[in-house]
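So the structure is just underneath, and the comments pick up after that.
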Amino acid sequence: MLSLVISIALAQHWEASGVRGGSADAACKAVYGMDSTLEFVPPARKPESEDPDNVFRECWYRTKGESTADGGNAPVKMTIAYFYPARDDDPDEEKKSDAGSSTAKDSRCNAQTNFGFFPTIAKSKFAKHAGTMVADTSPGSCMVTSQKDGGRLFAASNKTVKADRMRKQAQPVGEHYFLRVGNLIIDPTFLQFFDVGNAPGLIFVGTDAQLVAAADTLFKLCGPNPATNDSKDGASLKADNFDGAKVCNAGTTLTVRPESGIGEYANTLCDN
């Protein structure tokens, strides 16, 4: 553990939902800004690994005055901050980062790209309930976004749409979270797997076959996002990030808070 402490002390570089900060707290606070109705709560769970590549912090925000010392109240907002080596620690890494920035500017897809082929929630039977849901193209955003959007969909549908929140031990590393209702996948962070540049986020809703078809088109149109997957086509992306996913939070546990109208799963992380 000593080596980890030394490396972090020398080079603080954390990132949450694409926002960088000198510390985990700074990155997380930058994501949500200074919301006067919320208070930041130090992370309740610490990393178990000594490998800096696996270091993360959970960042929680709760309504002011509702927090407890033991962290017993559910967060209103939550995100994850990940540790990265600072660019100036490794000249080669800096070159790669600069090259990556240049590539991002030249992304084949952007805000003007026609995504008319994409099976979005606006085209689905859930369209009238989608108003409060949000999409996110940022790597690592699926954990928080899926949890929040499952609750939003439940509340907006007058408690009728009870999406199971799924978790897949994804490839090449990490986990992927998404929602499922019957044979339909609902994924508000699906575009994170592709180099979509500054294109707006879209919430995917479709069958397994539609997911493969949409991914195949996105691979050809935009190309993959190397930060989130090394799949070569739609079938392999589905196998790596969706197939065999297990229920993280059952839709039957969804409730709506009477005082706020916010929908949420009984557990803010996973049921098991």
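Going by the structure tokens order, chains are called A, B, ..., each with residues numbered from 1, while ligands are numbered from 1 in the order shown.
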
Any idea what's packed within 6 Å of range 162-164 of chain A, counting only C-alpha atoms, ignoring anything in its chain fewer than 3 positions away? Could you give it as a short mmCIF file (atom, residue, chain, number, x, y, z; two decimals) with N, CA, C and O atoms, in the first residue's frame?
```
data_model
loop_
_atom_site.label_atom_id
_atom_site.label_comp_id
_atom_site.auth_asym_id
_atom_site.auth_seq_id
_atom_site.Cartn_x
_atom_site.Cartn_y
_atom_site.Cartn_z
N PHE A 154 -39.42 4.83 -14.02
CA PHE A 154 -40.45 4.31 -13.13
C PHE A 154 -41.38 5.43 -12.67
O PHE A 154 -42.61 5.30 -12.72
N LEU A 179 -30.29 -1.25 -18.52
CA LEU A 179 -31.63 -1.61 -18.06
C LEU A 179 -32.27 -2.60 -19.02
O LEU A 179 -31.95 -2.62 -20.21
N ARG A 180 -33.17 -3.42 -18.51
CA ARG A 180 -33.90 -4.35 -19.36
C ARG A 180 -35.35 -4.45 -18.90
O ARG A 180 -35.63 -4.55 -17.71
N VAL A 181 -36.26 -4.41 -19.88
CA VAL A 181 -37.68 -4.63 -19.65
C VAL A 181 -38.13 -5.70 -20.64
O VAL A 181 -38.19 -5.46 -21.85
N ASN A 249 -30.20 -4.74 -9.81
CA ASN A 249 -31.34 -4.27 -9.01
C ASN A 249 -32.62 -4.67 -9.72
O ASN A 249 -32.86 -4.27 -10.86
N ALA A 250 -33.44 -5.46 -9.07
CA ALA A 250 -34.70 -5.89 -9.67
C ALA A 250 -35.68 -4.73 -9.77
O ALA A 250 -35.78 -3.89 -8.86
N GLY A 251 -36.40 -4.67 -10.88
CA GLY A 251 -37.38 -3.61 -11.06
C GLY A 251 -38.47 -3.62 -10.01
O GLY A 251 -39.09 -2.59 -9.72
#
```

- Just the alpha helix (DSSP H) stuff from range 80-252 of chain A, please, per backbone DSSP, written as an MDAnalysis selection string. chainID A and resid 91:105 142:156 208:221 234:241

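Distance check against Gly197 in chain A using only C-alpha atoms: of A:Ala245, A:Ala239, A:Cys109, A:Leu218, the minimum falls on A:Cys109.
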
Hey, what does DSSP flag as strand (DSSP E or B) within range 181-270 of chain A? Can you give it to me as a short mmCIF file (atom, residue, chain, number, x, y, z; two decimals) with N, CA, C and O atoms, in the first residue's frame?
```cif
data_model
loop_
_atom_site.label_atom_id
_atom_site.label_comp_id
_atom_site.auth_asym_id
_atom_site.auth_seq_id
_atom_site.Cartn_x
_atom_site.Cartn_y
_atom_site.Cartn_z
N VAL A 181 -36.26 -4.41 -19.88
CA VAL A 181 -37.68 -4.63 -19.65
C VAL A 181 -38.13 -5.70 -20.64
O VAL A 181 -38.19 -5.46 -21.85
N LEU A 184 -36.48 -6.13 -24.18
CA LEU A 184 -35.91 -4.86 -24.63
C LEU A 184 -34.78 -4.40 -23.72
O LEU A 184 -34.92 -4.37 -22.49
N ILE A 185 -33.68 -4.03 -24.33
CA ILE A 185 -32.56 -3.41 -23.63
C ILE A 185 -32.76 -1.90 -23.67
O ILE A 185 -33.08 -1.33 -24.71
N ILE A 186 -32.59 -1.26 -22.53
CA ILE A 186 -32.61 0.21 -22.45
C ILE A 186 -31.23 0.62 -21.95
O ILE A 186 -30.88 0.34 -20.81
N ASP A 187 -30.48 1.29 -22.81
CA ASP A 187 -29.11 1.65 -22.43
C ASP A 187 -28.85 3.12 -22.71
O ASP A 187 -28.65 3.53 -23.86
N PHE A 194 -18.44 4.11 -28.70
CA PHE A 194 -18.06 4.54 -30.05
C PHE A 194 -17.48 5.94 -30.03
O PHE A 194 -17.74 6.73 -29.12
N PHE A 204 -30.55 4.17 -26.10
CA PHE A 204 -30.87 3.01 -26.92
C PHE A 204 -32.02 2.23 -26.30
O PHE A 204 -32.02 1.95 -25.10
N VAL A 205 -33.00 1.86 -27.12
CA VAL A 205 -34.05 0.93 -26.71
C VAL A 205 -34.27 -0.03 -27.87
O VAL A 205 -34.64 0.38 -28.97
N GLY A 206 -34.04 -1.32 -27.63
CA GLY A 206 -34.24 -2.29 -28.69
C GLY A 206 -33.95 -3.70 -28.24
O GLY A 206 -33.53 -3.93 -27.10
N PRO A 224 -14.85 2.64 -33.16
CA PRO A 224 -14.95 2.35 -31.74
C PRO A 224 -14.27 3.41 -30.88
O PRO A 224 -13.42 4.17 -31.35
N LYS A 246 -26.24 -10.14 -15.25
CA LYS A 246 -27.08 -10.56 -14.12
C LYS A 246 -27.81 -9.35 -13.55
O LYS A 246 -27.35 -8.21 -13.66
N VAL A 247 -28.95 -9.62 -12.94
CA VAL A 247 -29.73 -8.53 -12.35
C VAL A 247 -28.96 -7.91 -11.19
O VAL A 247 -28.57 -8.60 -10.25
N CYS A 248 -28.74 -6.62 -11.29
CA CYS A 248 -28.09 -5.87 -10.21
C CYS A 248 -29.16 -5.36 -9.25
O CYS A 248 -29.06 -5.53 -8.04
N ASN A 249 -30.20 -4.74 -9.81
CA ASN A 249 -31.34 -4.27 -9.01
C ASN A 249 -32.62 -4.67 -9.72
O ASN A 249 -32.86 -4.27 -10.86
N THR A 255 -39.18 2.21 -6.05
CA THR A 255 -40.16 2.98 -5.29
C THR A 255 -40.05 4.45 -5.69
O THR A 255 -39.08 4.86 -6.32
N VAL A 256 -41.05 5.22 -5.34
CA VAL A 256 -41.02 6.67 -5.57
C VAL A 256 -41.10 7.36 -4.23
O VAL A 256 -42.00 7.09 -3.43
N GLY A 263 -37.85 8.55 -8.32
CA GLY A 263 -37.86 7.09 -8.34
C GLY A 263 -36.49 6.53 -8.05
O GLY A 263 -35.48 7.10 -8.47
N GLU A 264 -36.44 5.44 -7.31
CA GLU A 264 -35.14 4.87 -6.98
C GLU A 264 -35.28 3.39 -6.65
O GLU A 264 -36.35 2.91 -6.24
#
```

- Task: Find the distance between CA of Ala214 in chain A and CA of Ser236 in chain A and write it in Å to one decimal.
- Result: 12.7 Å

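Remark: for Leu202 in chain A, the closest of the candidate residues A:Asp230, A:Asp271, A:Asp25, A:Asp136 is A:Asp136 (distances computed over only C-alpha atoms).
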
- Query: Pick the closest to Asn267 in chain A from A:Cys28, A:Val212, A:Leu153, A:Leu254: which is it, counting only C-alpha atoms?
  - Reply: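 Closest candidate: A:Leu254.
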
- Message: Measuring between only C-alpha atoms, which one of A:Ala26, A:Ala155, A:Ile203, A:Val161 shows the shortest distance to Thr120 in chain A?
- Response: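 So, comparing all the options, the nearest one is A:Ile203.
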
- Which of these residues is nearest to Gln112 in chain A, using only C-alpha atoms: A:Thr253, A:Gln169, A:Thr137, A:Asn198?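 Closest to Gln112 in chain A of all the choices is A:Asn198.
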